[in-house]
file target_2.tsv (TSV, C-alpha atoms and all ligand atoms)
chain	number	residue	atom	x	y	z
A	1	MET	CA	107.26	135.03	82.96
A	2	ALA	CA	106.58	134.33	79.33
A	3	ASP	CA	109.61	136.12	77.93
A	4	GLN	CA	112.16	134.41	80.16
A	5	ALA	CA	113.31	130.82	79.87
A	6	PHE	CA	115.64	128.16	81.16
A	7	VAL	CA	117.45	126.60	78.21
A	8	THR	CA	119.35	123.34	77.92
A	9	LEU	CA	120.89	121.27	75.14
A	10	ALA	CA	120.87	117.58	74.26
A	11	THR	CA	122.29	116.31	70.99
A	12	ASN	CA	121.70	112.62	71.72
A	13	ASP	CA	119.58	110.22	73.78
A	14	GLY	CA	122.05	110.05	76.67
A	15	TYR	CA	122.11	113.80	77.30
A	16	ALA	CA	118.34	113.78	76.65
A	17	ARG	CA	117.93	111.83	79.90
A	18	GLY	CA	119.92	114.49	81.66
A	19	ALA	CA	117.72	117.18	80.13
A	20	MET	CA	114.56	115.33	81.23
A	21	VAL	CA	115.75	115.17	84.83
A	22	LEU	CA	116.87	118.80	84.78
A	23	GLY	CA	113.52	119.93	83.33
A	24	LYS	CA	111.62	117.87	85.87
A	25	SER	CA	113.72	119.29	88.73
A	26	LEU	CA	112.98	122.85	87.58
A	27	ARG	CA	109.24	122.06	87.39
A	28	ASP	CA	109.26	120.34	90.79
A	29	HIS	CA	110.71	123.50	92.28
A	30	ASN	CA	107.90	125.55	90.75
A	31	THR	CA	109.76	127.70	88.30
A	32	SER	CA	107.66	130.44	86.73
A	33	LYS	CA	109.88	130.49	83.63
A	34	LYS	CA	109.48	128.71	80.29
A	35	LEU	CA	111.56	125.60	79.66
A	36	VAL	CA	113.34	125.18	76.33
A	37	VAL	CA	115.51	122.32	75.10
A	38	LEU	CA	117.68	122.51	71.99
A	39	ILE	CA	118.07	119.08	70.41
A	40	GLY	CA	120.12	117.55	67.62
A	41	PRO	CA	118.35	116.00	64.61
A	42	GLN	CA	119.73	112.57	65.66
A	43	MET	CA	117.56	112.30	68.72
A	44	SER	CA	115.09	109.40	68.78
A	45	GLU	CA	111.37	110.11	68.43
A	46	THR	CA	110.81	108.51	71.80
A	47	CYS	CA	113.10	110.90	73.62
A	48	GLN	CA	111.65	113.82	71.69
A	49	SER	CA	108.14	112.86	72.84
A	50	VAL	CA	109.18	112.72	76.49
A	51	LEU	CA	111.04	116.03	76.21
A	52	LYS	CA	107.87	117.58	74.76
A	53	ARG	CA	105.98	116.55	77.89
A	54	ILE	CA	108.45	118.29	80.18
A	55	PHE	CA	109.57	121.33	78.16
A	56	ASP	CA	107.47	124.15	76.69
A	57	GLU	CA	109.59	124.15	73.57
A	58	VAL	CA	111.74	121.50	71.90
A	59	LYS	CA	113.80	123.08	69.15
A	60	VAL	CA	115.83	121.12	66.60
A	61	VAL	CA	119.14	122.83	65.80
A	62	ASP	CA	122.14	122.00	63.61
A	63	VAL	CA	124.89	120.32	65.54
A	64	LEU	CA	128.00	122.51	65.45
A	65	ASP	CA	131.29	120.77	66.12
A	66	SER	CA	134.57	122.54	66.76
A	67	GLY	CA	136.37	119.50	65.34
A	68	ASP	CA	139.28	120.67	67.48
A	69	ALA	CA	140.74	117.29	68.43
A	70	ALA	CA	144.00	118.82	69.67
A	71	HIS	CA	142.48	121.01	72.39
A	72	LEU	CA	139.77	118.54	73.33
A	73	GLY	CA	142.47	115.90	73.70
A	74	MET	CA	144.10	118.04	76.38
A	75	MET	CA	140.87	117.77	78.40
A	76	LYS	CA	140.56	114.05	77.58
A	77	ARG	CA	137.06	114.83	76.28
A	78	PRO	CA	137.07	114.27	72.50
A	79	ASP	CA	133.25	114.27	72.65
A	80	LEU	CA	132.92	117.93	73.59
A	81	GLY	CA	133.39	119.51	70.14
A	82	VAL	CA	129.61	119.45	69.73
A	83	THR	CA	129.20	121.81	72.67
A	84	PHE	CA	129.62	124.60	70.08
A	85	THR	CA	125.94	123.80	69.43
A	86	LYS	CA	125.23	125.58	72.72
A	87	LEU	CA	125.90	128.89	70.98
A	88	HIS	CA	122.53	128.51	69.20
A	89	CYS	CA	120.89	129.53	72.46
A	90	TRP	CA	121.50	133.18	71.51
A	91	THR	CA	119.02	132.75	68.62
A	92	LEU	CA	116.06	132.31	71.01
A	93	THR	CA	115.04	135.92	70.51
A	94	GLN	CA	111.42	135.32	71.51
A	95	PHE	CA	112.86	135.61	75.04
A	96	SER	CA	114.41	138.73	76.52
A	97	LYS	CA	116.55	136.89	79.05
A	98	CYS	CA	117.50	133.24	79.58
A	99	VAL	CA	119.49	131.00	81.86
A	100	PHE	CA	121.41	128.23	80.11
A	101	MET	CA	121.95	125.03	82.09
A	102	ASP	CA	123.96	121.99	80.98
A	103	ALA	CA	121.94	118.79	80.65
A	104	ASP	CA	124.13	117.29	83.40
A	105	THR	CA	122.91	119.75	86.02
A	106	LEU	CA	120.21	119.19	88.64
A	107	VAL	CA	118.26	121.86	90.46
A	108	LEU	CA	117.83	121.38	94.23
A	109	SER	CA	115.68	124.44	94.90
A	110	ASN	CA	113.96	127.25	92.99
A	111	VAL	CA	116.59	129.36	91.20
A	112	ASP	CA	114.34	131.89	89.41
A	113	GLU	CA	116.30	134.66	91.13
A	114	LEU	CA	119.05	134.05	88.56
A	115	PHE	CA	116.96	136.16	86.18
A	116	ASP	CA	117.76	139.25	88.28
A	117	ARG	CA	121.30	139.00	86.89
A	118	GLU	CA	122.65	140.37	83.65
A	119	GLU	CA	124.51	138.86	80.69
A	120	LEU	CA	126.99	137.31	81.13
A	121	SER	CA	126.67	136.00	84.67
A	122	ALA	CA	128.19	132.67	85.60
A	123	ALA	CA	130.02	130.90	88.43
A	124	PRO	CA	133.79	130.32	88.50
A	125	ASP	CA	135.15	127.15	86.95
A	126	PRO	CA	136.56	124.89	89.68
A	127	GLY	CA	139.62	124.10	87.57
A	128	TRP	CA	140.52	127.73	86.76
A	129	PRO	CA	138.44	130.20	88.75
A	130	ASP	CA	139.39	133.20	86.56
A	131	CYS	CA	137.32	131.48	83.88
A	132	PHE	CA	133.61	131.00	84.30
A	133	ASN	CA	132.09	127.57	83.96
A	134	SER	CA	129.70	127.48	81.03
A	135	GLY	CA	127.43	124.86	82.58
A	136	VAL	CA	125.15	127.57	84.06
A	137	PHE	CA	124.99	131.13	82.71
A	138	VAL	CA	122.61	134.07	82.30
A	139	PHE	CA	122.37	135.56	78.81
A	140	ARG	CA	120.30	137.77	76.52
A	141	PRO	CA	119.30	136.17	73.21
A	142	SER	CA	120.37	138.38	70.31
A	143	LEU	CA	121.10	137.57	66.69
A	144	GLU	CA	123.80	140.18	66.76
A	145	THR	CA	125.61	138.51	69.67
A	146	HIS	CA	125.07	135.10	68.05
A	147	GLY	CA	126.69	136.34	64.84
A	148	LYS	CA	129.61	137.81	66.74
A	149	LEU	CA	130.11	134.58	68.68
A	150	LEU	CA	130.25	132.54	65.47
A	151	GLN	CA	132.68	135.05	64.02
A	152	TYR	CA	134.78	134.76	67.17
A	153	CYS	CA	134.86	130.97	66.69
A	154	THR	CA	136.08	131.34	63.11
A	155	GLU	CA	138.72	133.91	63.96
A	156	HIS	CA	140.01	132.65	67.29
A	157	GLY	CA	138.64	129.15	67.81
A	158	SER	CA	138.34	127.88	71.38
A	159	PHE	CA	141.22	127.38	73.75
A	160	ASP	CA	139.60	124.24	75.17
A	161	GLY	CA	137.92	123.07	71.97
A	162	GLY	CA	134.45	123.50	73.52
A	163	ASP	CA	131.98	126.33	74.15
A	164	GLN	CA	133.54	127.30	77.47
A	165	GLY	CA	136.76	128.34	75.73
A	166	VAL	CA	134.88	130.47	73.20
A	167	LEU	CA	132.59	132.09	75.75
A	168	ASN	CA	135.45	132.97	78.09
A	169	GLY	CA	137.35	134.43	75.15
A	170	PHE	CA	134.34	136.45	74.03
A	171	PHE	CA	133.20	137.64	77.47
A	172	SER	CA	136.82	138.12	78.45
A	173	ASP	CA	136.32	140.79	81.12
A	174	TRP	CA	134.10	138.51	83.24
A	175	ALA	CA	136.83	137.90	85.83
A	176	THR	CA	137.54	141.56	86.54
A	177	ALA	CA	134.77	143.88	85.33
A	178	ASP	CA	131.66	143.39	87.45
A	179	ILE	CA	131.39	141.24	90.56
A	180	SER	CA	127.58	141.06	90.23
A	181	LYS	CA	128.19	138.82	87.21
A	182	HIS	CA	129.93	136.27	89.41
A	183	LEU	CA	127.29	133.78	90.45
A	184	PRO	CA	127.83	132.18	93.83
A	185	PHE	CA	129.37	128.74	93.47
A	186	ILE	CA	126.23	127.14	94.93
A	187	TYR	CA	124.51	127.82	91.57
A	188	ASN	CA	126.95	125.50	89.80
A	189	LEU	CA	128.44	123.18	92.36
A	190	SER	CA	130.54	120.64	90.56
A	191	SER	CA	131.51	117.35	92.05
A	192	VAL	CA	135.18	118.11	91.39
A	193	ALA	CA	135.11	120.76	94.12
A	194	ILE	CA	133.80	118.32	96.68
A	195	TYR	CA	136.94	116.26	96.40
A	196	THR	CA	139.40	119.09	95.99
A	197	TYR	CA	138.10	121.10	98.98
A	198	LEU	CA	136.11	118.81	101.24
A	199	PRO	CA	136.03	121.12	104.31
A	200	ALA	CA	134.45	123.90	102.21
A	201	PHE	CA	131.95	121.42	100.88
A	202	LYS	CA	131.09	120.36	104.43
A	203	GLN	CA	130.70	123.99	105.45
A	204	PHE	CA	128.73	125.32	102.47
A	205	GLY	CA	127.58	122.29	100.45
A	206	GLY	CA	124.24	122.20	102.26
A	207	ASN	CA	123.33	125.50	100.56
A	208	ALA	CA	123.81	124.07	97.07
A	209	LYS	CA	121.05	125.06	94.65
A	210	VAL	CA	122.40	123.49	91.47
A	211	VAL	CA	124.72	120.50	91.18
A	212	HIS	CA	126.72	119.93	88.05
A	213	PHE	CA	127.86	116.40	87.24
A	214	LEU	CA	130.85	117.74	85.36
A	215	GLY	CA	133.24	115.20	83.90
A	216	LYS	CA	133.30	112.20	81.66
A	217	THR	CA	131.05	109.91	83.68
A	218	LYS	CA	127.48	111.17	83.84
A	219	PRO	CA	124.69	110.02	86.18
A	220	TRP	CA	123.09	108.11	83.31
A	221	SER	CA	126.33	106.17	82.77
A	222	TYR	CA	125.64	104.21	85.96
A	223	THR	CA	123.13	101.49	86.76
A	224	TYR	CA	120.70	101.98	89.62
A	225	ASP	CA	119.15	99.35	91.80
A	226	THR	CA	115.57	100.45	92.36
A	227	LYS	CA	115.07	98.04	95.27
A	228	SER	CA	117.99	99.06	97.46
A	229	LYS	CA	117.95	102.59	96.00
A	230	ARG	CA	121.68	102.46	95.40
A	231	ILE	CA	124.02	102.67	92.48
A	232	ALA	CA	124.71	99.12	91.33
A	233	GLY	CA	128.39	98.22	91.18
A	234	GLU	CA	131.37	100.42	91.77
A	235	VAL	CA	131.22	104.20	91.92
A	236	PRO	CA	134.73	105.58	91.48
A	237	GLU	CA	135.38	107.61	94.61
A	238	ALA	CA	136.24	110.85	92.83
A	239	ALA	CA	133.30	110.59	90.44
A	240	THR	CA	130.67	112.61	92.22
A	241	HIS	CA	129.06	113.08	95.56
A	242	PRO	CA	126.89	110.02	96.12
A	243	THR	CA	123.93	111.77	97.68
A	244	PHE	CA	123.58	114.07	94.67
A	245	LEU	CA	123.98	111.12	92.34
A	246	LEU	CA	121.23	109.33	94.25
A	247	ASP	CA	119.03	112.46	94.08
A	248	TRP	CA	119.43	112.39	90.30
A	249	TRP	CA	118.52	108.70	90.14
A	250	ALA	CA	115.57	109.05	92.50
A	251	LEU	CA	114.03	111.68	90.23
A	252	TYR	CA	114.96	109.86	87.02
A	253	SER	CA	113.59	106.50	88.16
A	254	SER	CA	110.40	107.84	89.69
A	255	ALA	CA	109.40	110.52	87.19
A	256	VAL	CA	111.26	110.04	83.92
A	257	VAL	CA	111.41	106.25	83.51
A	258	PRO	CA	107.59	105.92	83.63
A	259	MET	CA	107.30	108.49	80.83
A	260	LEU	CA	109.92	106.66	78.74
A	261	GLN	CA	108.16	103.38	79.48
A	262	GLU	CA	104.90	104.80	78.22
A	263	GLN	CA	106.52	105.93	74.97
A	264	TYR	CA	108.31	102.64	74.38
A	265	GLY	CA	105.14	100.62	75.04
A	266	ASP	CA	105.95	96.91	74.77
A	267	GLN	CA	109.36	97.51	73.26
A	268	PRO	CA	112.15	96.81	75.71
A	269	PHE	CA	114.45	99.71	76.52
A	270	GLN	CA	117.52	100.33	78.63
A	271	SER	CA	116.36	102.51	81.49
A	272	GLY	CA	119.56	101.96	83.49
A	273	CYS	CA	117.45	100.66	86.40
A	274	VAL	CA	117.75	97.12	87.70
A	275	GLU	CA	116.15	95.25	90.57
A	276	GLU	CA	118.83	93.22	92.20
A	277	ALA	CA	118.78	93.99	95.91
A	278	SER	CA	119.98	90.43	96.43
A	279	CYS	CA	123.47	91.26	95.18
A	280	SER	CA	125.92	91.62	98.07
A	281	SER	CA	125.13	94.94	99.63
A	282	PRO	CA	128.18	97.12	100.31
A	283	ALA	CA	126.67	98.00	103.70
A	284	GLU	CA	127.04	94.50	105.10
A	285	PRO	CA	130.79	94.30	105.65
A	286	GLU	CA	130.73	97.83	107.06
A	287	THR	CA	128.17	96.97	109.72
A	288	GLN	CA	130.48	94.24	110.97
A	289	MET	CA	133.27	96.75	111.48
A	290	SER	CA	133.88	98.15	114.95
A	291	SER	CA	133.21	101.81	115.36
A	292	GLU	CA	136.93	102.35	116.06
A	293	GLN	CA	137.77	100.70	112.74
A	294	ARG	CA	135.19	102.84	111.02
A	295	LYS	CA	136.60	105.97	112.62
A	296	GLN	CA	140.04	105.02	111.34
A	297	LYS	CA	138.74	104.46	107.84
A	298	TRP	CA	136.87	107.76	107.92
A	299	GLU	CA	140.02	109.58	108.99
A	300	GLN	CA	141.92	107.96	106.14
A	301	GLY	CA	139.33	109.37	103.80
A	302	GLN	CA	137.75	105.96	103.17
A	303	ALA	CA	134.26	106.72	104.37
A	304	ASP	CA	131.47	104.51	103.06
A	305	TYR	CA	129.55	107.46	101.63
A	306	MET	CA	127.02	105.18	99.98
A	307	GLY	CA	126.23	103.13	103.07
A	308	THR	CA	126.96	103.48	106.78
A	309	ASP	CA	128.50	106.93	106.42
A	310	SER	CA	125.88	108.33	104.07
A	311	PHE	CA	124.52	111.80	104.82
A	312	ASP	CA	121.20	110.29	105.77
A	313	ASN	CA	122.75	108.02	108.37
A	314	ILE	CA	124.94	110.76	109.81
A	315	LYS	CA	121.89	112.99	110.07
A	316	LYS	CA	119.92	110.23	111.83
A	317	LYS	CA	122.77	109.77	114.31
A	318	LEU	CA	122.98	113.49	115.01
A	319	ASP	CA	119.21	113.62	115.45
A	320	THR	CA	119.37	110.90	118.11
A	321	PHE	CA	121.98	112.97	120.01
A	322	LEU	CA	119.91	116.10	119.75
A	323	LYS	CA	116.76	114.43	121.07
B	401	LIG	N1	126.20	118.04	75.11
B	401	LIG	C1	125.36	117.36	74.24
B	401	LIG	N2	125.87	116.27	73.56
B	401	LIG	C2	127.14	115.84	73.72
B	401	LIG	C3	127.98	116.54	74.60
B	401	LIG	C4	127.47	117.63	75.30
B	401	LIG	O1	124.19	117.69	74.10
B	401	LIG	O2	127.52	114.86	73.06
B	401	LIG	C5	125.66	119.24	75.81
B	401	LIG	C6	124.92	118.90	77.11
B	401	LIG	O3	123.97	119.89	77.38
B	401	LIG	C7	126.06	118.94	78.10
B	401	LIG	C8	126.83	120.16	77.62
B	401	LIG	O4	126.76	120.07	76.19
B	401	LIG	O5	125.61	119.08	79.44
B	401	LIG	C9	128.29	120.22	78.03
B	401	LIG	O6	128.89	118.93	77.99
B	401	LIG	P1	129.24	118.15	79.33
B	401	LIG	O7	128.23	118.46	80.35
B	401	LIG	O8	129.47	116.72	78.99
B	401	LIG	O9	130.62	118.85	79.72
B	401	LIG	P2	131.26	118.92	81.20
B	401	LIG	O10	130.32	119.75	82.00
B	401	LIG	O11	131.37	117.52	81.69
B	401	LIG	O12	132.56	119.56	80.96
B	402	LIG	C1	133.25	122.71	80.68
B	402	LIG	C2	131.79	122.97	80.97
B	402	LIG	C3	130.90	122.56	79.86
B	402	LIG	C4	131.51	122.93	78.53
B	402	LIG	C5	132.86	122.26	78.37
B	402	LIG	C6	133.50	122.52	77.02
B	402	LIG	O1	133.89	121.83	81.47
B	402	LIG	O2	131.34	122.38	82.17
B	402	LIG	O3	129.66	123.17	80.06
B	402	LIG	O4	130.63	122.50	77.52
B	402	LIG	O5	133.71	122.71	79.36
B	402	LIG	O6	133.96	123.83	76.84
B	403	MN	MN	128.26	119.74	82.13
call {"tool": "encode", "arguments": {"input": "target_2.tsv", "output": "structure tokens"}}
result
Amino acid sequence: MADQAFVTLATNDGYARGAMVLGKSLRDHNTSKKLVVLIGPQMSETCQSVLKRIFDEVKVVDVLDSGDAAHLGMMKRPDLGVTFTKLHCWTLTQFSKCVFMDADTLVLSNVDELFDREELSAAPDPGWPDCFNSGVFVFRPSLETHGKLLQYCTEHGSFDGGDQGVLNGFFSDWATADISKHLPFIYNLSSVAIYTYLPAFKQFGGNAKVVHFLGKTKPWSYTYDTKSKRIAGEVPEAATHPTFLLDWWALYSSAVVPMLQEQYGDQPFQSGCVEEASCSSPAEPETQMSSEQRKQKWEQGQADYMGTDSFDNIKKKLDTFLK
């Protein structure tokens, strides 16, 4: 539909990579909606060119910064003041309805049904479920609402220093007024939840439609070994679920890197991909472990999610039993 769009935001080249992967994932799942990315004026020409290939519209906006070091400090995320820039999404009045998605989200299946919802629909925040998480939300562009939101910022500021604090203050009856505005958690599954409620993740995680790499370390902060198709080096256990992280890298390395490469031409650039399958593979010591030892480790919560105990391997094992 021409008057409905998915919207994301990237103020710099790092988040631009996230936006490229998100846009590609929406396309790969055959969305019928337009794709729009709001960018900051700082973004390199190269990234802008790649974004133009994936998105229908690339719109340069002023970067708004809450400058609220005190509140952002409480979240240990001094970088998030610029998320006020997200509020510009209400100015996209050429569309009647939009779905905003953070640049650190990845779509796992078609989610066009989100457009059946009304403003403001969003999923609960895993840290405080009476607040919605502002990484995925349905909204109606309107200059009036945009004006009111900016006024709200001036008068009340944001309790977390970022857009989520403002939006929860502004749409303050979200928690209680209308259950149809509560998106199921599978539309904004954040890695945090996987580690705080693993049994629920095991039960329902397979239905996830959107993953959100919420937190300081983003997928593009890692290095990926294209030969072994693994994250190179250490992945802090609580960082994110490895299979989702690998899904992100698989799409980035296969679809986005070639586009970046084309734009950079002969100039070298940091894609984040390396080819070093020769480095000691974390799977090797695990394969030498007895299955009793592995069981013990698993029960102690020390599963080798990236190797022997990866979802793929568990699935293979189950398949052999079922045959
Ligand atoms: N963002 C951006 N530049 C920044 C920080 C954030 O463009 O320097 C945008 C981007 O779309 C990002 C969103 O704001 O996904 C929210 O920030 P982030 O995802 O880092 O917050 P988290 O979800 O980790 O709390
Ligand atoms: C949250 C959201 C993010 C938002 C940030 C700042 O954790 O995931 O989208 O920008 O808080 O409010
Ligand atoms: Mn995010």
call {"tool": "residues_near_ligand", "arguments": {"input": "target_2.tsv", "ligand": "ligand LIG 401 (chain B)", "cutoff": "6 Å", "atoms": "all atoms listed in the file", "output": "MDAnalysis selection string"}}
result
chainID A and resid 8:12 15 79:80 82:83 102:104 135 214:216
call {"tool": "closest_atom_pairs", "arguments": {"input": "target_2.tsv", "of": "chain A", "to": "ligand LIG 402 (chain B)", "cutoff": "8 Å", "atoms": "only C-alpha atoms and all ligand atoms", "output": "tab-separated table"}}
result
residue	atom	partner	partner_atom	distance
A:Leu80	CA	B:LIG402	C6	5.8
A:Gly81	CA	B:LIG402	C6	7.5
A:Thr83	CA	B:LIG402	O4	5.1
A:Phe84	CA	B:LIG402	O4	7.8
A:Lys86	CA	B:LIG402	O4	7.9
A:Asp102	CA	B:LIG402	O3	5.9
A:Asp125	CA	B:LIG402	O1	7.7
A:Asn133	CA	B:LIG402	C2	5.5
A:Ser134	CA	B:LIG402	O3	4.4
A:Gly135	CA	B:LIG402	O3	3.8
A:Val136	CA	B:LIG402	O3	7.5
A:Asp160	CA	B:LIG402	O6	5.9
A:Gly161	CA	B:LIG402	O6	6.3
A:Gly162	CA	B:LIG402	O6	3.4
A:Asp163	CA	B:LIG402	O6	4.2
A:Gln164	CA	B:LIG402	O6	3.6
A:Gly165	CA	B:LIG402	O6	5.4
A:Val166	CA	B:LIG402	O6	7.6
A:His212	CA	B:LIG402	O2	7.9
A:Leu214	CA	B:LIG402	O2	5.7
A:Gly215	CA	B:LIG402	O1	7.1
call {"tool": "axis_aligned_box", "arguments": {"input": "target_2.tsv", "around": "region 3-7 of chain A", "padding_each_side": "4 Å", "output": "JSON"}}
result
{"center_x": 113.5, "center_y": 131.4, "center_z": 79.5, "size_x": 15.8, "size_y": 17.5, "size_z": 11.2}
call {"tool": "closest_residue", "arguments": {"input": "target_2.tsv", "among": "A:Lys34, A:Arg53, A:His29, A:His156", "to": "Val256 (chain A)", "atoms": "all atoms listed in the file"}}
result
A:Arg53
call {"tool": "atom_distance", "arguments": {"input": "target_2.tsv", "atom1": "CA of Tyr152 (chain A)", "atom2": "CA of Asp173 (chain A)"}}
result
15.3 Å
call {"tool": "atom_distance", "arguments": {"input": "target_2.tsv", "atom1": "CA of Ser66 (chain A)", "atom2": "CA of Phe171 (chain A)"}}
result
18.6 Å
call {"tool": "closest_residue", "arguments": {"input": "target_2.tsv", "among": "A:Phe139, A:Phe100, A:Phe269, A:Trp174", "to": "ligand MN 403 (chain B)", "atoms": "all atoms listed in the file"}}
result
A:Phe100
call {"tool": "closest_residue", "arguments": {"input": "target_2.tsv", "among": "A:Ser221, A:Asn188, A:Gln267, A:Thr226", "to": "ligand MN 403 (chain B)", "atoms": "all atoms listed in the file"}}
result
A:Asn188
call {"tool": "closest_residue", "arguments": {"input": "target_2.tsv", "among": "A:Met1, A:Val257, A:Val192, A:Cys89", "to": "ligand MN 403 (chain B)", "atoms": "all atoms listed in the file"}}
result
A:Val192
call {"tool": "atom_distance", "arguments": {"input": "target_2.tsv", "atom1": "CA of Phe244 (chain A)", "atom2": "CA of Lys33 (chain A)"}}
result
24.1 Å
call {"tool": "closest_residue", "arguments": {"input": "target_2.tsv", "among": "A:Thr105, A:Tyr195, A:Tyr252, A:Lys202", "to": "ligand MN 403 (chain B)", "atoms": "only C-alpha atoms and all ligand atoms"}}
result
A:Thr105
call {"tool": "closest_residue", "arguments": {"input": "target_2.tsv", "among": "A:His71, A:Thr145, A:Val107, A:Ile179", "to": "Ala123 (chain A)", "atoms": "only C-alpha atoms"}}
result
A:Ile179
call {"tool": "residues_around", "arguments": {"input": "target_2.tsv", "residues": "Arg140 (chain A)", "least_positions_apart": "5", "cutoff": "10 Å", "atoms": "all atoms listed in the file", "output": "MDAnalysis selection string"}}
result
chainID A and resid 4 89:93 95:99 118:120 145
